[in-house]
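One file, query_34.tsv, is given below (TSV, C-alpha atoms and all ligand atoms).
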chain	number	residue	atom	x	y	z
A	1	MET	CA	-28.95	-5.36	-16.10
A	2	ALA	CA	-29.64	-8.79	-14.71
A	3	THR	CA	-27.35	-9.29	-11.75
A	4	ASP	CA	-26.33	-12.76	-12.89
A	5	LEU	CA	-24.37	-11.14	-15.74
A	6	LEU	CA	-22.40	-8.73	-13.58
A	7	ALA	CA	-19.19	-10.76	-13.53
A	8	GLN	CA	-19.41	-11.16	-17.30
A	9	LYS	CA	-19.96	-7.44	-17.73
A	10	LEU	CA	-16.91	-6.68	-15.59
A	11	ALA	CA	-14.79	-9.07	-17.69
A	12	GLU	CA	-15.96	-7.50	-20.94
A	13	THR	CA	-16.02	-3.80	-20.08
A	14	PHE	CA	-13.31	-3.65	-17.38
A	15	ASP	CA	-15.61	-1.54	-15.25
A	16	LEU	CA	-18.88	-1.44	-13.32
A	17	SER	CA	-20.90	1.21	-11.54
A	18	ASP	CA	-20.48	1.66	-7.79
A	19	ASP	CA	-23.82	-0.03	-7.19
A	20	GLU	CA	-22.81	-2.99	-9.31
A	21	PHE	CA	-19.47	-3.33	-7.50
A	22	ALA	CA	-21.36	-3.27	-4.20
A	23	ILE	CA	-23.53	-6.18	-5.34
A	24	LEU	CA	-20.46	-8.24	-6.32
A	25	LEU	CA	-18.60	-7.40	-3.13
A	26	GLU	CA	-21.45	-8.20	-0.77
A	27	SER	CA	-22.54	-11.53	-2.20
A	28	ASP	CA	-20.79	-14.86	-2.47
A	29	SER	CA	-22.95	-16.09	-5.31
A	30	PHE	CA	-20.62	-14.65	-8.00
A	31	ASP	CA	-17.40	-16.11	-6.60
A	32	GLY	CA	-17.21	-19.16	-8.88
A	33	GLU	CA	-17.87	-17.10	-11.99
A	34	LEU	CA	-15.45	-14.36	-10.92
A	35	ARG	CA	-12.73	-16.92	-10.35
A	36	ARG	CA	-13.30	-18.59	-13.71
A	37	LEU	CA	-13.23	-15.30	-15.60
A	38	ALA	CA	-10.22	-13.99	-13.66
A	39	ASP	CA	-8.37	-17.21	-14.44
A	40	ASN	CA	-9.06	-16.70	-18.16
A	41	ALA	CA	-7.94	-13.09	-18.00
A	42	ARG	CA	-4.69	-13.97	-16.24
A	43	ARG	CA	-4.02	-16.83	-18.66
A	44	SER	CA	-4.47	-14.57	-21.66
A	45	TYR	CA	-1.63	-12.32	-20.43
A	46	TYR	CA	0.61	-14.62	-18.43
A	47	GLY	CA	-0.40	-18.20	-19.25
A	48	THR	CA	0.30	-20.44	-16.27
A	49	ASP	CA	3.48	-18.60	-15.31
A	50	VAL	CA	3.89	-17.52	-11.71
A	51	TYR	CA	6.74	-15.14	-10.95
A	52	ILE	CA	8.81	-15.36	-7.80
A	53	ARG	CA	10.25	-12.37	-5.98
A	54	GLY	CA	12.75	-12.73	-3.17
A	55	LEU	CA	11.71	-10.63	-0.21
A	56	ILE	CA	14.51	-9.22	1.92
A	57	GLU	CA	13.27	-7.54	5.09
A	58	ILE	CA	16.07	-5.08	5.66
A	59	SER	CA	14.94	-3.39	8.88
A	60	ASN	CA	12.13	-3.47	11.42
A	61	TYR	CA	12.85	0.00	12.82
A	62	CYS	CA	10.05	2.37	11.88
A	63	ARG	CA	9.34	6.04	12.51
A	64	ASN	CA	5.65	5.51	11.76
A	65	ASP	CA	2.95	4.31	14.07
A	66	CYS	CA	0.32	2.64	11.86
A	67	PHE	CA	-2.30	1.18	14.21
A	68	TYR	CA	-2.38	-2.23	12.48
A	69	CYS	CA	1.33	-2.88	12.11
A	70	GLY	CA	3.39	-5.03	14.47
A	71	ILE	CA	6.61	-3.07	13.87
A	72	ARG	CA	5.04	0.35	14.58
A	73	ARG	CA	7.35	2.59	16.58
A	74	SER	CA	5.23	2.38	19.76
A	75	ASN	CA	5.62	-1.39	20.03
A	76	ARG	CA	8.27	-1.60	22.74
A	77	TYR	CA	8.34	-5.39	22.67
A	78	VAL	CA	9.90	-5.72	19.23
A	79	ALA	CA	13.58	-6.69	19.13
A	80	ARG	CA	14.76	-4.27	16.48
A	81	TYR	CA	17.32	-5.17	13.82
A	82	ARG	CA	18.73	-3.82	10.63
A	83	LEU	CA	20.71	-5.62	7.94
A	84	THR	CA	24.05	-4.33	6.72
A	85	LYS	CA	24.82	-3.83	3.07
A	86	ASN	CA	26.86	-7.04	3.10
A	87	GLU	CA	24.07	-9.03	4.70
A	88	ILE	CA	21.66	-7.76	2.05
A	89	LEU	CA	24.12	-8.67	-0.73
A	90	SER	CA	24.50	-12.10	0.74
A	91	CYS	CA	20.70	-12.61	0.66
A	92	CYS	CA	20.78	-11.60	-3.01
A	93	ALA	CA	23.57	-14.10	-3.71
A	94	THR	CA	21.58	-16.91	-2.11
A	95	GLY	CA	18.50	-15.83	-4.01
A	96	TYR	CA	20.25	-15.60	-7.35
A	97	GLU	CA	21.55	-19.16	-6.95
A	98	LEU	CA	17.98	-20.32	-6.30
A	99	GLY	CA	16.68	-18.65	-9.45
A	100	TYR	CA	15.33	-15.39	-8.12
A	101	ARG	CA	15.55	-12.55	-10.64
A	102	THR	CA	13.76	-9.93	-8.55
A	103	PHE	CA	14.92	-8.73	-5.16
A	104	VAL	CA	12.46	-6.82	-3.01
A	105	LEU	CA	14.04	-4.72	-0.28
A	106	GLN	CA	11.34	-3.98	2.26
A	107	GLY	CA	11.49	-2.36	5.66
A	108	GLY	CA	10.01	-0.01	8.17
A	109	GLU	CA	10.66	3.68	7.58
A	110	ASP	CA	14.11	3.57	9.13
A	111	THR	CA	16.00	6.86	8.88
A	112	PHE	CA	19.29	5.05	9.50
A	113	TYR	CA	19.16	4.17	5.80
A	114	ASN	CA	19.57	7.66	4.41
A	115	ASP	CA	19.37	8.27	0.67
A	116	ASP	CA	23.12	7.81	0.20
A	117	LEU	CA	23.10	4.42	1.90
A	118	ILE	CA	20.07	3.19	-0.04
A	119	CYS	CA	21.66	4.37	-3.31
A	120	GLU	CA	24.91	2.62	-2.35
A	121	ILE	CA	23.08	-0.65	-1.65
A	122	VAL	CA	20.96	-0.43	-4.82
A	123	SER	CA	24.01	0.38	-6.98
A	124	ALA	CA	25.92	-2.58	-5.53
A	125	ILE	CA	23.04	-4.97	-6.33
A	126	ARG	CA	22.60	-3.46	-9.79
A	127	LYS	CA	26.29	-3.90	-10.59
A	128	LEU	CA	26.33	-7.57	-9.54
A	129	TYR	CA	22.98	-8.59	-11.03
A	130	VAL	CA	22.38	-6.78	-14.31
A	131	ASP	CA	19.64	-9.22	-15.29
A	132	CYS	CA	17.56	-8.69	-12.14
A	133	ALA	CA	14.85	-6.28	-11.10
A	134	ILE	CA	15.37	-4.33	-7.90
A	135	THR	CA	12.15	-3.51	-6.07
A	136	LEU	CA	12.05	-1.16	-3.10
A	137	SER	CA	9.35	-1.02	-0.43
A	138	LEU	CA	10.61	1.51	2.08
A	139	GLY	CA	7.63	3.79	2.54
A	140	GLU	CA	7.06	7.46	1.86
A	141	LYS	CA	9.98	9.54	0.57
A	142	SER	CA	10.43	12.74	-1.41
A	143	HIS	CA	10.35	12.85	-5.21
A	144	GLN	CA	14.05	13.62	-5.09
A	145	SER	CA	14.85	10.52	-3.01
A	146	TYR	CA	12.76	8.26	-5.23
A	147	LYS	CA	14.53	9.70	-8.27
A	148	ALA	CA	17.96	9.08	-6.72
A	149	PHE	CA	17.08	5.42	-5.99
A	150	PHE	CA	15.80	5.03	-9.55
A	151	ASP	CA	18.97	6.52	-10.99
A	152	SER	CA	20.99	4.07	-8.88
A	153	GLY	CA	19.23	1.15	-10.55
A	154	ALA	CA	15.92	0.46	-8.76
A	155	ASN	CA	13.11	-0.48	-11.16
A	156	ARG	CA	10.04	-1.06	-9.06
A	157	TYR	CA	8.47	0.34	-5.89
A	158	LEU	CA	5.79	-1.16	-3.65
A	159	LEU	CA	3.78	1.25	-1.57
A	160	ARG	CA	0.31	0.07	-0.69
A	161	HIS	CA	-2.12	2.96	-0.41
A	162	GLU	CA	-3.75	0.91	2.41
A	163	THR	CA	-7.16	2.56	1.94
A	164	ALA	CA	-8.10	5.28	-0.52
A	165	SER	CA	-10.74	6.86	1.68
A	166	SER	CA	-9.35	9.73	3.69
A	167	GLU	CA	-11.76	9.11	6.54
A	168	HIS	CA	-10.90	5.41	6.75
A	169	TYR	CA	-7.19	6.21	6.39
A	170	GLY	CA	-7.54	8.39	9.49
A	171	LYS	CA	-8.88	5.43	11.46
A	172	LEU	CA	-5.87	3.25	10.59
A	173	HIS	CA	-3.11	5.83	11.00
A	174	PRO	CA	-2.04	8.58	13.40
A	175	PRO	CA	-2.97	12.15	12.37
A	176	GLU	CA	0.48	12.98	10.99
A	177	MET	CA	0.01	10.38	8.24
A	178	LYS	CA	-2.16	11.49	5.33
A	179	ILE	CA	-3.61	9.62	2.39
A	180	ASP	CA	-2.87	12.62	0.17
A	181	ASN	CA	0.84	12.23	0.72
A	182	ARG	CA	0.65	8.50	0.10
A	183	LYS	CA	-1.13	9.13	-3.20
A	184	LYS	CA	1.35	11.85	-4.16
A	185	CYS	CA	4.21	9.39	-3.55
A	186	LEU	CA	2.55	6.83	-5.83
A	187	PHE	CA	2.11	9.34	-8.66
A	188	ASP	CA	5.69	10.61	-8.17
A	189	LEU	CA	7.01	7.06	-8.44
A	190	LYS	CA	5.07	6.47	-11.61
A	191	GLN	CA	6.21	9.74	-13.15
A	192	ILE	CA	9.84	8.86	-12.43
A	193	GLY	CA	9.44	5.62	-14.38
A	194	TYR	CA	9.10	2.91	-11.74
A	195	GLN	CA	6.77	-0.03	-12.14
A	196	VAL	CA	4.58	0.91	-9.21
A	197	GLY	CA	2.71	-1.32	-6.79
A	198	ALA	CA	-0.24	-0.05	-4.76
A	199	GLY	CA	-2.76	-2.06	-2.78
A	200	PHE	CA	-4.72	-2.47	0.39
A	201	MET	CA	-5.69	-4.78	3.22
A	202	VAL	CA	-9.01	-6.58	3.17
A	203	GLY	CA	-11.07	-6.54	6.34
A	204	SER	CA	-9.07	-3.86	8.09
A	205	PRO	CA	-10.90	-2.34	11.07
A	206	TYR	CA	-13.85	-0.08	10.15
A	207	GLN	CA	-13.60	-0.93	6.42
A	208	THR	CA	-16.89	-0.68	4.50
A	209	THR	CA	-17.94	-1.81	1.04
A	210	GLN	CA	-17.79	1.84	-0.03
A	211	ASP	CA	-14.16	2.00	1.13
A	212	LEU	CA	-13.32	-1.03	-1.01
A	213	ILE	CA	-15.01	0.59	-4.00
A	214	ALA	CA	-12.92	3.73	-3.36
A	215	ASP	CA	-9.83	1.47	-3.41
A	216	LEU	CA	-10.81	0.08	-6.82
A	217	ARG	CA	-11.52	3.60	-8.14
A	218	PHE	CA	-8.14	4.82	-6.92
A	219	LEU	CA	-6.43	1.90	-8.65
A	220	GLN	CA	-8.25	2.85	-11.86
A	221	GLN	CA	-6.80	6.34	-11.55
A	222	LEU	CA	-3.26	5.20	-10.81
A	223	GLU	CA	-3.14	2.17	-13.13
A	224	PRO	CA	-0.33	0.51	-11.19
A	225	ALA	CA	1.77	-2.32	-12.60
A	226	MET	CA	1.45	-4.28	-9.35
A	227	ILE	CA	-1.43	-4.62	-6.92
A	228	GLY	CA	-0.92	-6.11	-3.44
A	229	ILE	CA	-4.05	-7.30	-1.68
A	230	GLY	CA	-3.99	-9.31	1.53
A	231	PRO	CA	-6.20	-9.84	4.55
A	232	PHE	CA	-5.71	-7.68	7.64
A	233	ILE	CA	-4.46	-9.87	10.50
A	234	ALA	CA	-4.41	-8.56	14.05
A	235	HIS	CA	-1.09	-8.21	15.87
A	236	SER	CA	-1.36	-8.72	19.61
A	237	GLN	CA	0.89	-5.76	20.48
A	238	THR	CA	-1.05	-3.14	18.52
A	239	PRO	CA	-4.18	-1.08	19.22
A	240	PHE	CA	-6.03	-3.37	16.80
A	241	GLN	CA	-5.24	-6.56	18.73
A	242	TYR	CA	-8.90	-7.47	19.29
A	243	PHE	CA	-10.14	-6.92	15.73
A	244	LYS	CA	-10.88	-9.97	13.66
A	245	SER	CA	-8.89	-10.79	10.57
A	246	GLY	CA	-10.04	-10.18	7.02
A	247	SER	CA	-11.76	-13.20	5.50
A	248	LEU	CA	-10.33	-15.59	2.96
A	249	LYS	CA	-13.49	-15.39	0.86
A	250	LEU	CA	-13.57	-11.62	0.56
A	251	THR	CA	-9.83	-11.46	-0.15
A	252	LEU	CA	-10.18	-14.01	-2.97
A	253	ARG	CA	-13.19	-12.15	-4.33
A	254	LEU	CA	-11.17	-8.93	-4.45
A	255	LEU	CA	-8.25	-10.68	-6.13
A	256	SER	CA	-10.58	-11.87	-8.91
A	257	ILE	CA	-12.28	-8.50	-9.31
A	258	THR	CA	-8.89	-6.80	-9.43
A	259	ARG	CA	-7.62	-9.23	-12.06
A	260	LEU	CA	-10.69	-8.50	-14.20
A	261	LEU	CA	-10.22	-4.75	-13.85
A	262	PHE	CA	-6.47	-4.93	-14.54
A	263	PRO	CA	-5.83	-8.09	-16.59
A	264	TYR	CA	-2.21	-7.04	-17.23
A	265	ALA	CA	-1.29	-6.50	-13.58
A	266	LEU	CA	1.21	-8.34	-11.42
A	267	ILE	CA	-0.78	-9.51	-8.43
A	268	PRO	CA	0.84	-11.45	-5.57
A	269	ALA	CA	-0.73	-14.24	-3.57
A	270	THR	CA	0.49	-12.71	-0.32
A	271	THR	CA	2.10	-14.19	2.77
A	272	ALA	CA	-0.85	-12.85	4.79
A	273	LEU	CA	-3.21	-14.90	2.63
A	274	GLY	CA	-1.03	-17.95	3.26
A	275	THR	CA	-1.21	-17.17	6.97
A	276	ILE	CA	-5.02	-17.12	7.34
A	277	ASP	CA	-5.40	-20.38	5.41
A	278	PRO	CA	-2.91	-23.22	4.80
A	279	PHE	CA	-3.83	-23.16	1.09
A	280	GLY	CA	-4.30	-19.41	0.92
A	281	ARG	CA	-1.57	-18.80	-1.60
A	282	GLU	CA	-2.73	-21.58	-3.91
A	283	LEU	CA	-6.30	-20.27	-3.69
A	284	GLY	CA	-4.96	-16.78	-4.40
A	285	ILE	CA	-3.29	-17.98	-7.61
A	286	LEU	CA	-6.46	-19.79	-8.64
A	287	ALA	CA	-8.44	-16.59	-7.99
A	288	GLY	CA	-6.22	-14.57	-10.35
A	289	ALA	CA	-2.86	-13.84	-8.69
A	290	ASN	CA	0.39	-14.52	-10.58
A	291	VAL	CA	3.22	-13.65	-8.21
A	292	VAL	CA	4.61	-15.15	-5.00
A	293	MET	CA	7.14	-13.49	-2.75
A	294	PRO	CA	9.03	-16.02	-0.65
A	295	ASN	CA	11.24	-14.80	2.14
A	296	LEU	CA	14.98	-14.41	1.54
A	297	SER	CA	15.76	-12.67	4.83
A	298	PRO	CA	18.35	-14.28	7.10
A	299	LEU	CA	16.69	-16.88	9.34
A	300	ASN	CA	17.67	-15.14	12.57
A	301	VAL	CA	15.68	-11.98	11.78
A	302	ARG	CA	12.57	-13.52	10.25
A	303	LYS	CA	10.55	-13.70	13.45
A	304	LYS	CA	11.40	-10.10	14.24
A	305	TYR	CA	9.72	-8.78	11.11
A	306	GLU	CA	6.33	-9.63	12.46
A	307	LEU	CA	3.78	-7.29	10.90
A	308	TYR	CA	0.94	-9.49	12.23
A	309	ASP	CA	0.58	-12.55	14.47
A	310	ASN	CA	1.65	-16.03	13.30
A	311	LYS	CA	3.20	-14.78	10.06
A	312	ASN	CA	4.08	-17.94	8.16
A	313	CYS	CA	7.33	-19.10	6.54
A	314	THR	CA	9.48	-17.62	9.28
A	315	GLY	CA	11.24	-20.90	10.06
A	316	GLU	CA	12.53	-22.17	6.73
A	317	GLU	CA	15.83	-21.81	4.94
A	318	ALA	CA	15.60	-19.92	1.64
A	319	ALA	CA	16.24	-23.10	-0.35
A	320	GLU	CA	13.60	-25.07	1.55
A	321	CYS	CA	11.14	-22.26	1.03
A	322	ARG	CA	11.83	-22.11	-2.70
A	323	HIS	CA	11.36	-25.86	-3.00
A	324	CYS	CA	8.12	-25.86	-1.01
A	325	ILE	CA	6.63	-23.02	-3.07
A	326	ASN	CA	7.61	-24.83	-6.25
A	327	LYS	CA	5.75	-27.97	-5.21
A	328	ARG	CA	2.70	-26.03	-4.13
A	329	ILE	CA	2.47	-24.07	-7.39
A	330	ASN	CA	2.98	-27.19	-9.52
A	331	SER	CA	0.28	-29.02	-7.57
A	332	ILE	CA	-2.35	-26.59	-8.89
A	333	GLY	CA	-1.14	-26.72	-12.50
A	334	PHE	CA	0.99	-23.58	-12.58
A	335	ASN	CA	4.74	-23.07	-13.15
A	336	LEU	CA	7.17	-21.03	-11.13
A	337	VAL	CA	9.40	-19.27	-13.61
A	338	THR	CA	12.92	-17.94	-13.30
A	339	LEU	CA	12.28	-14.74	-15.19
A	340	ILE	CA	12.55	-11.08	-14.34
A	341	GLY	CA	8.76	-10.96	-14.83
A	342	ASN	CA	8.10	-7.37	-15.86
A	343	VAL	CA	4.55	-6.16	-16.25
A	344	LYS	CA	3.05	-6.93	-19.67
A	345	LYS	CA	2.09	-3.78	-21.48
A	346	ARG	CA	-1.52	-3.36	-22.41
B	1	LIG	N1	7.11	0.56	5.48
B	1	LIG	C1	6.77	0.03	4.18
B	1	LIG	C2	6.48	-1.47	4.23
B	1	LIG	C3	5.26	-1.82	5.04
B	1	LIG	S1	5.01	-3.53	5.37
B	1	LIG	C4	5.58	0.81	3.64
B	1	LIG	O1	5.09	1.70	4.33
B	1	LIG	O2	5.19	0.56	2.52
B	1	LIG	C5	4.12	-4.04	3.95
B	1	LIG	C6	2.61	-4.13	4.06
B	1	LIG	O3	2.23	-5.04	5.08
B	1	LIG	C7	1.89	-2.86	4.42
B	1	LIG	O4	1.77	-2.02	3.33
B	1	LIG	C8	0.56	-3.36	4.95
B	1	LIG	O5	-0.45	-3.32	3.96
B	1	LIG	C9	0.86	-4.81	5.35
B	1	LIG	N2	0.58	-5.01	6.78
B	1	LIG	C10	1.06	-4.33	7.84
B	1	LIG	N3	0.47	-4.75	8.97
B	1	LIG	C11	-0.42	-5.71	8.63
B	1	LIG	C12	-1.36	-6.50	9.36
B	1	LIG	N4	-1.50	-6.38	10.67
B	1	LIG	N5	-2.10	-7.39	8.66
B	1	LIG	C13	-1.96	-7.53	7.33
B	1	LIG	N6	-1.11	-6.80	6.60
B	1	LIG	C14	-0.35	-5.89	7.24
Show me, as structure tokens, the structure contained in the file I just sent.
Amino acid sequence: MATDLLAQKLAETFDLSDDEFAILLESDSFDGELRRLADNARRSYYGTDVYIRGLIEISNYCRNDCFYCGIRRSNRYVARYRLTKNEILSCCATGYELGYRTFVLQGGEDTFYNDDLICEIVSAIRKLYVDCAITLSLGEKSHQSYKAFFDSGANRYLLRHETASSEHYGKLHPPEMKIDNRKKCLFDLKQIGYQVGAGFMVGSPYQTTQDLIADLRFLQQLEPAMIGIGPFIAHSQTPFQYFKSGSLKLTLRLLSITRLLFPYALIPATTALGTIDPFGRELGILAGANVVMPNLSPLNVRKKYELYDNKNCTGEEAAECRHCINKRINSIGFNLVTLIGNVKKR
């Protein structure tokens, strides 16, 4: 097959061989075509709608020690915090007023929030906001715990697989963390009935083209509703402090390829993308993303949830943030919508 038709082939067949993916991933000559086709694919499912999700960072305590992450347990310089149930509910109230219909509760793996407490918080949100989606992003748990959260009213779960290659996973995580468990969690979540989000960082240390292809293959197996892709950004208090960040170009390329593989998916233009480039989020939408996740955490904790250096949007009030995102999305011809924004079935 002539290589100039690769992007077209991907758009029409929703797949490519490993060799063909490698060609797309390693060249920038397809980027314009990939973006155009991804834009069409996204429009055919979602039009120009962009969904907003309110991100509430409930705790920066973590029992894990991921080498890339600023809130890893070995980082002694982090001022740790956790939000109370009432603080979380107050974030939801602010968010609801501003038009948010999805609340994402994200945090480190903090054992302080045992299953009972998480269920209590989820039930309280569910009772107050029947028309909203509740998304959790609290790391690896047992099937039983995930089921309990689901039964309390959670609908969605974000758990990036980070990298599907077991060898590469071992270079990003301490030995007690295993890709097999991460994958098992994702399949458990799906089986329980969650809309599941997987995903990975682009340009993480030691990542190869083959690793990225393994990520795409894993996504094909899982068929998640949501796919989070953002650049790796070094944090100065981690073992990866001297590694360079993932590139804007490669991240956008992967967003477009992912949109073409999974035209129905919910794909965020991430905060990390907005951090490596002032127009990163807009470029992400133009490359095929259709979700943004502004911060709803209380202002006084924002800086403490620093997964990587210079994380943006840590200084604005929720309302300011909502307004700013609105303007930015409108400026590129898209609309922020106040909708629950469930995944569109294929
Ligand atoms: N404890 C939860 C939430 C993790 S934070 C969990 O395990 O799912 C959410 C995401 O931020 C992670 O999945 C990771 O992909 C991303 N992240 C962490 N450190 C990062 C860094 N240095 N650069 C870019 N993204 C990072």
Inset, instruction - Grab me every residue within 8 Å of ligand LIG 1 (chain B), counting only C-alpha atoms and all ligand atoms, and send it over as JSON, numbers by chain. - result: {"A": [62, 66, 68, 69, 70, 106, 107, 108, 109, 137, 138, 139, 140, 158, 159, 160, 161, 162, 199, 200, 201, 204, 228, 229, 230, 231, 232, 233, 234, 235, 245, 272, 307, 308, 309]}
What would the list of residues within 12 Å of (14.5, -13.7, 11.9) (file frame) look like as a PDB file with C-alpha atoms, in the coordinates of the input, if only C-alpha atoms are what count?
ATOM      1  CA  ILE A  56      14.510  -9.220   1.920  1.00  0.00           C
ATOM      2  CA  GLU A  57      13.270  -7.540   5.090  1.00  0.00           C
ATOM      3  CA  ILE A  58      16.070  -5.080   5.660  1.00  0.00           C
ATOM      4  CA  SER A  59      14.940  -3.390   8.880  1.00  0.00           C
ATOM      5  CA  ASN A  60      12.130  -3.470  11.420  1.00  0.00           C
ATOM      6  CA  VAL A  78       9.900  -5.720  19.230  1.00  0.00           C
ATOM      7  CA  ALA A  79      13.580  -6.690  19.130  1.00  0.00           C
ATOM      8  CA  ARG A  80      14.760  -4.270  16.480  1.00  0.00           C
ATOM      9  CA  TYR A  81      17.320  -5.170  13.820  1.00  0.00           C
ATOM     10  CA  ARG A  82      18.730  -3.820  10.630  1.00  0.00           C
ATOM     11  CA  LEU A  83      20.710  -5.620   7.940  1.00  0.00           C
ATOM     12  CA  ASN A 295      11.240 -14.800   2.140  1.00  0.00           C
ATOM     13  CA  LEU A 296      14.980 -14.410   1.540  1.00  0.00           C
ATOM     14  CA  SER A 297      15.760 -12.670   4.830  1.00  0.00           C
ATOM     15  CA  PRO A 298      18.350 -14.280   7.100  1.00  0.00           C
ATOM     16  CA  LEU A 299      16.690 -16.880   9.340  1.00  0.00           C
ATOM     17  CA  ASN A 300      17.670 -15.140  12.570  1.00  0.00           C
ATOM     18  CA  VAL A 301      15.680 -11.980  11.780  1.00  0.00           C
ATOM     19  CA  ARG A 302      12.570 -13.520  10.250  1.00  0.00           C
ATOM     20  CA  LYS A 303      10.550 -13.700  13.450  1.00  0.00           C
ATOM     21  CA  LYS A 304      11.400 -10.100  14.240  1.00  0.00           C
ATOM     22  CA  TYR A 305       9.720  -8.780  11.110  1.00  0.00           C
ATOM     23  CA  GLU A 306       6.330  -9.630  12.460  1.00  0.00           C
ATOM     24  CA  LYS A 311       3.200 -14.780  10.060  1.00  0.00           C
ATOM     25  CA  ASN A 312       4.080 -17.940   8.160  1.00  0.00           C
ATOM     26  CA  CYS A 313       7.330 -19.100   6.540  1.00  0.00           C
ATOM     27  CA  THR A 314       9.480 -17.620   9.280  1.00  0.00           C
ATOM     28  CA  GLY A 315      11.240 -20.900  10.060  1.00  0.00           C
ATOM     29  CA  GLU A 316      12.530 -22.170   6.730  1.00  0.00           C
ATOM     30  CA  GLU A 317      15.830 -21.810   4.940  1.00  0.00           C
TER      31      GLU A 317
END
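Among the candidate residues A:Leu186, A:Ile213, A:Ala38, A:Leu336, the one lying nearest to Glu12 of chain A is A:Ala38, with distances computed using all atoms listed in the file.
By all atoms listed in the file, and with residues fewer than 2 positions from Ala11 of chain A along its chain excluded, the set lying at most 12 Å from it is Leu5, Leu6, Ala7, Gln8, Lys9, Thr13, Phe14, Asp15, Leu16, Glu33, Leu34, Arg35, Arg36, Leu37, Ala38, Asp39, Asn40, Ala41, Arg42, Ser256, Ile257, Thr258, Arg259, Leu260, Leu261, Phe262 and Pro263 of chain A.
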Inset, instruction - Would you list the residues near (0.2, 7.6, 10.9), meaning any protein, DNA or RNA residue with an atom at most 7 Å from that point in file coordinates, counting only C-alpha atoms, as a PyMOL selection string? - result: chain A and resi 64-66+173-177
Would you save segment 178-227 of chain A to a file, keeping C-alpha atoms, as a short mmCIF file (atom, residue, chain, number, x, y, z; two decimals), in the first residue's frame?
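Output below, filename result02.cif:
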data_model
loop_
_atom_site.label_atom_id
_atom_site.label_comp_id
_atom_site.auth_asym_id
_atom_site.auth_seq_id
_atom_site.Cartn_x
_atom_site.Cartn_y
_atom_site.Cartn_z
CA LYS A 178 2.35 -4.77 37.86
CA ILE A 179 0.72 -4.05 34.52
CA ASP A 180 -1.26 -7.29 34.84
CA ASN A 181 -3.07 -5.98 37.88
CA ARG A 182 -3.74 -2.66 36.19
CA LYS A 183 -5.25 -4.46 33.21
CA LYS A 184 -7.29 -6.74 35.47
CA CYS A 185 -8.71 -3.65 37.22
CA LEU A 186 -9.74 -2.17 33.87
CA PHE A 187 -11.53 -5.35 32.78
CA ASP A 188 -13.18 -5.66 36.22
CA LEU A 189 -14.47 -2.09 35.95
CA LYS A 190 -15.87 -2.76 32.52
CA GLN A 191 -17.53 -5.98 33.61
CA ILE A 192 -19.20 -4.19 36.52
CA GLY A 193 -20.76 -1.72 34.10
CA TYR A 194 -18.67 1.43 34.42
CA GLN A 195 -17.82 3.62 31.45
CA VAL A 196 -14.10 2.99 31.68
CA GLY A 197 -11.22 5.30 30.84
CA ALA A 198 -7.74 3.99 30.09
CA GLY A 199 -4.81 5.85 28.58
CA PHE A 200 -1.13 6.61 28.68
CA MET A 201 1.52 9.31 28.74
CA VAL A 202 3.33 10.28 25.57
CA GLY A 203 7.10 10.59 25.73
CA SER A 204 7.50 8.94 29.10
CA PRO A 205 11.09 7.86 29.81
CA TYR A 206 12.30 4.86 27.75
CA GLN A 207 9.11 4.78 25.63
CA THR A 208 9.57 3.36 22.11
CA THR A 209 7.34 3.33 19.05
CA GLN A 210 6.69 -0.35 19.75
CA ASP A 211 5.45 0.57 23.24
CA LEU A 212 3.01 3.06 21.73
CA ILE A 213 1.76 0.42 19.31
CA ALA A 214 1.27 -1.93 22.28
CA ASP A 215 -0.80 0.84 23.91
CA LEU A 216 -3.04 1.08 20.84
CA ARG A 217 -3.40 -2.72 20.70
CA PHE A 218 -4.35 -2.84 24.37
CA LEU A 219 -6.98 -0.16 23.80
CA GLN A 220 -8.37 -2.25 20.94
CA GLN A 221 -8.73 -5.16 23.36
CA LEU A 222 -10.35 -3.13 26.12
CA GLU A 223 -12.50 -0.84 23.98
CA PRO A 224 -12.76 1.83 26.67
CA ALA A 225 -15.37 4.59 26.60
CA MET A 226 -12.74 7.19 27.51
CA ILE A 227 -9.10 7.51 26.52
#
